[in-house]
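**Student:** Have a look at this one before I ask anything.
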Amino acid sequence: MKLLFSAREASSILGRGGSRIKEVGEAYRCRLHLSGRNDFYPRTNLQELTMRGPTAEKLEAAVMQVLAIVAGDNGNKIDGGDDVEEGCAKVRFVLPLYGAKGLIGKGGANIKSVRLASGLRIHVEEQSVGHGDIAEQVVTMEGPLAGVEVALTAVVDQVKECMGFPWFESWATSSNVSPGGAGGGPAPKGRGREKGGAGGGG
């Protein structure tokens, strides 16, 4: 699972001396990796949080805990660096192309269903990032905080659908972040913070 956060939100996730990201990792037996302070996702000024867990349920719970931390430190909102009202969220997930396509569904049926159930506006970026099987798309969800949990389940379901493919491990362990947000490639070594136990699904 990959999410994008502003520098302020990333700081909240890390906590003092990396204490919070470590606590979340240990509590849910998940592995969390946050890109470096100056390493941004392409065409953004956002840092990437990669999360991997032993089960989809643990992963989903860990994501919700991270989002709760961000909202709690940010006046009951998640803004991704944008202007968002209290009680609302603007959350960006990064999905492999297959997962993004599954989220949309045939004729847009799936994404329409998630929109209705969650009350969120959901937009899948047309331009993909990366190449081949591990190319990915950013999915932006915006609306009431209460709707994020509903939509998150749909996102996790799509990640689960991707886990059986031979390219999934490469996607889950790679990153397109780079200094200034241009380029891509494997996850940089020695950058960012990583805490928590070994993970399976990502």
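Note on naming: chains are A, B, ... as they come in the structure tokens, residues start from 1 per chain, ligands start from 1 in the order shown.
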So that I can check the secondary structure, give me every residue of region 18-168 of chain A assigned strand (DSSP E) by backbone DSSP, as a PyMOL selection string.

**Tutor:** chain A and resi 31-34+39-40+47-52+88-96+121-124+136-144

**Student:** Could you find all residues in region 57-110 of chain A that DSSP calls helix (DSSP H, G or I) from the backbone, and write them as a PyMOL selection string?

**Tutor:** chain A and resi 57-73+97-104+106-110

**Student:** May I ask which of the residues A:Val148, A:Val177, A:Val70, A:Cys162 is the closest one to Val114 (chain A), counting only C-alpha atoms?

**Tutor:**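 Smallest distance to Val114 (chain A) is found for A:Val148.
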
**Student:** Considering only C-alpha atoms, return as a ChimeraX atom specification whatever protein or nucleic-acid residues lie within 10 Å of Ile111 (chain A), sequence-local ones (same chain, fewer than 3 positions apart) excluded.

**Tutor:** /A:100-108,114-117,121-124,151,154

**Student:** For the residues in that selection, give me all heavy atoms as a tab-separated table (two decimals), in the first residue's frame.

**Tutor:**
chain	number	residue	atom	x	y	z
A	100	ALA	N	-5.84	0.09	-10.12
A	100	ALA	CA	-6.60	1.30	-10.45
A	100	ALA	C	-7.73	0.98	-11.41
A	100	ALA	O	-8.86	1.47	-11.27
A	100	ALA	CB	-5.67	2.36	-11.05
A	101	LYS	N	-7.43	0.10	-12.38
A	101	LYS	CA	-8.46	-0.32	-13.33
A	101	LYS	C	-9.58	-1.07	-12.62
A	101	LYS	O	-10.76	-0.88	-12.91
A	101	LYS	CB	-7.83	-1.20	-14.41
A	101	LYS	CG	-8.80	-1.66	-15.49
A	101	LYS	CD	-8.08	-2.50	-16.54
A	101	LYS	CE	-9.06	-2.99	-17.60
A	101	LYS	NZ	-8.37	-3.82	-18.64
A	102	GLY	N	-9.19	-1.92	-11.66
A	102	GLY	CA	-10.19	-2.67	-10.90
A	102	GLY	C	-11.05	-1.77	-10.04
A	102	GLY	O	-12.25	-2.00	-9.87
A	103	LEU	N	-10.44	-0.72	-9.48
A	103	LEU	CA	-11.19	0.23	-8.66
A	103	LEU	C	-12.25	0.95	-9.50
A	103	LEU	O	-13.36	1.20	-9.03
A	103	LEU	CB	-10.24	1.24	-8.02
A	103	LEU	CG	-10.87	2.27	-7.10
A	103	LEU	CD1	-11.46	1.61	-5.86
A	103	LEU	CD2	-9.84	3.33	-6.68
A	104	ILE	N	-11.88	1.26	-10.72
A	104	ILE	CA	-12.84	1.94	-11.62
A	104	ILE	C	-13.95	0.98	-12.02
A	104	ILE	O	-15.13	1.32	-11.96
A	104	ILE	CB	-12.11	2.47	-12.87
A	104	ILE	CG1	-11.13	3.58	-12.48
A	104	ILE	CG2	-13.12	2.99	-13.89
A	104	ILE	CD1	-10.20	4.00	-13.60
A	105	GLY	N	-13.58	-0.25	-12.41
A	105	GLY	CA	-14.57	-1.24	-12.80
A	105	GLY	C	-15.09	-1.04	-14.22
A	105	GLY	O	-14.86	0.00	-14.85
A	106	LYS	N	-15.80	-2.02	-14.70
A	106	LYS	CA	-16.34	-1.96	-16.05
A	106	LYS	C	-17.35	-0.82	-16.17
A	106	LYS	O	-18.32	-0.76	-15.42
A	106	LYS	CB	-17.01	-3.29	-16.40
A	106	LYS	CG	-17.46	-3.39	-17.85
A	106	LYS	CD	-18.01	-4.76	-18.17
A	106	LYS	CE	-18.44	-4.86	-19.63
A	106	LYS	NZ	-18.97	-6.22	-19.95
A	107	GLY	N	-17.08	0.07	-17.10
A	107	GLY	CA	-17.97	1.21	-17.29
A	107	GLY	C	-18.04	2.15	-16.11
A	107	GLY	O	-18.96	2.95	-15.99
A	108	GLY	N	-17.03	2.06	-15.21
A	108	GLY	CA	-17.00	2.93	-14.04
A	108	GLY	C	-17.92	2.50	-12.92
A	108	GLY	O	-18.16	3.25	-11.97
A	114	VAL	N	-18.37	3.04	-4.92
A	114	VAL	CA	-17.57	3.52	-3.80
A	114	VAL	C	-17.90	4.98	-3.50
A	114	VAL	O	-17.99	5.39	-2.34
A	114	VAL	CB	-16.06	3.35	-4.08
A	114	VAL	CG1	-15.24	3.92	-2.92
A	114	VAL	CG2	-15.71	1.90	-4.29
A	115	ARG	N	-18.08	5.77	-4.52
A	115	ARG	CA	-18.44	7.18	-4.34
A	115	ARG	C	-19.76	7.31	-3.58
A	115	ARG	O	-19.89	8.10	-2.65
A	115	ARG	CB	-18.55	7.88	-5.70
A	115	ARG	CG	-17.23	8.20	-6.36
A	115	ARG	CD	-17.43	8.64	-7.80
A	115	ARG	NE	-16.20	9.05	-8.44
A	115	ARG	CZ	-16.02	9.07	-9.76
A	115	ARG	NH1	-17.01	8.71	-10.57
A	115	ARG	NH2	-14.86	9.47	-10.27
A	116	LEU	N	-20.74	6.51	-3.98
A	116	LEU	CA	-22.05	6.58	-3.34
A	116	LEU	C	-21.98	6.11	-1.89
A	116	LEU	O	-22.60	6.70	-1.01
A	116	LEU	CB	-23.04	5.72	-4.12
A	116	LEU	CG	-23.47	6.25	-5.49
A	116	LEU	CD1	-24.33	5.22	-6.22
A	116	LEU	CD2	-24.24	7.56	-5.34
A	117	ALA	N	-21.23	5.06	-1.64
A	117	ALA	CA	-21.15	4.50	-0.29
A	117	ALA	C	-20.36	5.39	0.67
A	117	ALA	O	-20.66	5.46	1.86
A	117	ALA	CB	-20.53	3.10	-0.34
A	121	ARG	N	-15.45	12.27	-3.31
A	121	ARG	CA	-15.12	12.47	-4.72
A	121	ARG	C	-13.84	11.68	-4.97
A	121	ARG	O	-12.85	11.83	-4.24
A	121	ARG	CB	-14.91	13.95	-5.03
A	121	ARG	CG	-16.16	14.78	-4.85
A	121	ARG	CD	-15.94	16.24	-5.22
A	121	ARG	NE	-15.00	16.88	-4.31
A	121	ARG	CZ	-15.32	17.36	-3.11
A	121	ARG	NH1	-16.58	17.23	-2.66
A	121	ARG	NH2	-14.43	17.94	-2.35
A	122	ILE	N	-13.84	10.83	-5.98
A	122	ILE	CA	-12.70	9.96	-6.25
A	122	ILE	C	-12.23	10.18	-7.68
A	122	ILE	O	-13.01	10.10	-8.63
A	122	ILE	CB	-13.07	8.48	-6.05
A	122	ILE	CG1	-13.61	8.26	-4.63
A	122	ILE	CG2	-11.84	7.60	-6.28
A	122	ILE	CD1	-14.13	6.86	-4.38
A	123	HIS	N	-10.94	10.48	-7.81
A	123	HIS	CA	-10.36	10.76	-9.13
A	123	HIS	C	-9.11	9.92	-9.35
A	123	HIS	O	-8.22	9.90	-8.50
A	123	HIS	CB	-10.01	12.24	-9.25
A	123	HIS	CG	-9.28	12.59	-10.52
A	123	HIS	ND1	-9.91	12.59	-11.73
A	123	HIS	CD2	-7.98	12.92	-10.76
A	123	HIS	CE1	-9.04	12.93	-12.68
A	123	HIS	NE2	-7.86	13.12	-12.12
A	124	VAL	N	-9.07	9.22	-10.46
A	124	VAL	CA	-7.89	8.44	-10.84
A	124	VAL	C	-7.12	9.23	-11.89
A	124	VAL	O	-7.67	9.54	-12.96
A	124	VAL	CB	-8.27	7.06	-11.39
A	124	VAL	CG1	-7.03	6.28	-11.79
A	124	VAL	CG2	-9.09	6.27	-10.37
A	151	ALA	N	-14.05	3.86	1.74
A	151	ALA	CA	-13.30	3.81	0.49
A	151	ALA	C	-12.01	3.02	0.65
A	151	ALA	O	-11.57	2.33	-0.30
A	151	ALA	CB	-12.98	5.23	0.03
A	154	ALA	N	-12.22	-0.63	-0.21
A	154	ALA	CA	-12.22	-0.89	-1.65
A	154	ALA	C	-10.80	-0.85	-2.20
A	154	ALA	O	-10.43	-1.65	-3.08
A	154	ALA	CB	-13.10	0.13	-2.38

**Student:** Here is a test: counting only C-alpha atoms, which residue of A:Pro54, A:Leu46, A:Glu142, A:Glu126 is nearest to Asn176 (chain A)?

**Tutor:**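 So, comparing all the options, the nearest one is A:Leu46.
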
**Student:** Just want the 6 Å neighbourhood of Val94 (chain A), counted on only C-alpha atoms, with same-chain residues fewer than 3 positions away dropped. Output as a list of chain:residue names.

**Tutor:**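 Near Val94 (chain A), the qualifying residues are A:Lys2, A:Leu3, A:Gln137, A:Val138.
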
**Student:** Which of these, A:Gly36, A:Gly99, A:Ser170, A:Glu9, has the shortest distance to Gly81 (chain A) once you count only C-alpha atoms?

**Tutor:** A:Glu9

**Student:** Rounded to one decimal place, report the CA of Gly119 (chain A)-CA of Phe5 (chain A) distance in Å.

**Tutor:**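 Interatomic distance here is 21.5 Å.
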
**Student:** Could you give me, as a tab-separated table, a per-residue list for region 33-130 of chain A showing, wherever an atom lies at most 10 Å from an atom of region 11-27 of chain A, the closest pair of atoms and their distance in Å to one decimal, using only C-alpha atoms and sorting by chain then residue number from low to high?

**Tutor:**
residue	atom	partner	partner_atom	distance
A:His33	CA	A:Ile21	CA	8.6
A:Leu34	CA	A:Leu14	CA	8.1
A:Arg37	CA	A:Ser11	CA	9.0
A:Leu49	CA	A:Ile13	CA	9.3
A:Met51	CA	A:Gly25	CA	8.9
A:Arg52	CA	A:Gly25	CA	9.3
A:Gly53	CA	A:Gly25	CA	8.7
A:Lys58	CA	A:Ala27	CA	9.3
A:Leu59	CA	A:Gly25	CA	9.8
A:Ala61	CA	A:Val24	CA	9.7
A:Ala62	CA	A:Val24	CA	6.5
A:Val63	CA	A:Val24	CA	9.1
A:Gln65	CA	A:Val24	CA	7.3
A:Val66	CA	A:Ile13	CA	6.5
A:Leu67	CA	A:Ile13	CA	8.6
A:Ala68	CA	A:Ile13	CA	9.7
A:Ile69	CA	A:Ile13	CA	6.7
A:Val70	CA	A:Ser12	CA	6.0
A:Ala71	CA	A:Ser12	CA	9.3
A:Gly72	CA	A:Ser12	CA	9.1
A:Asp73	CA	A:Ser12	CA	6.7
A:Asn74	CA	A:Ser12	CA	8.8
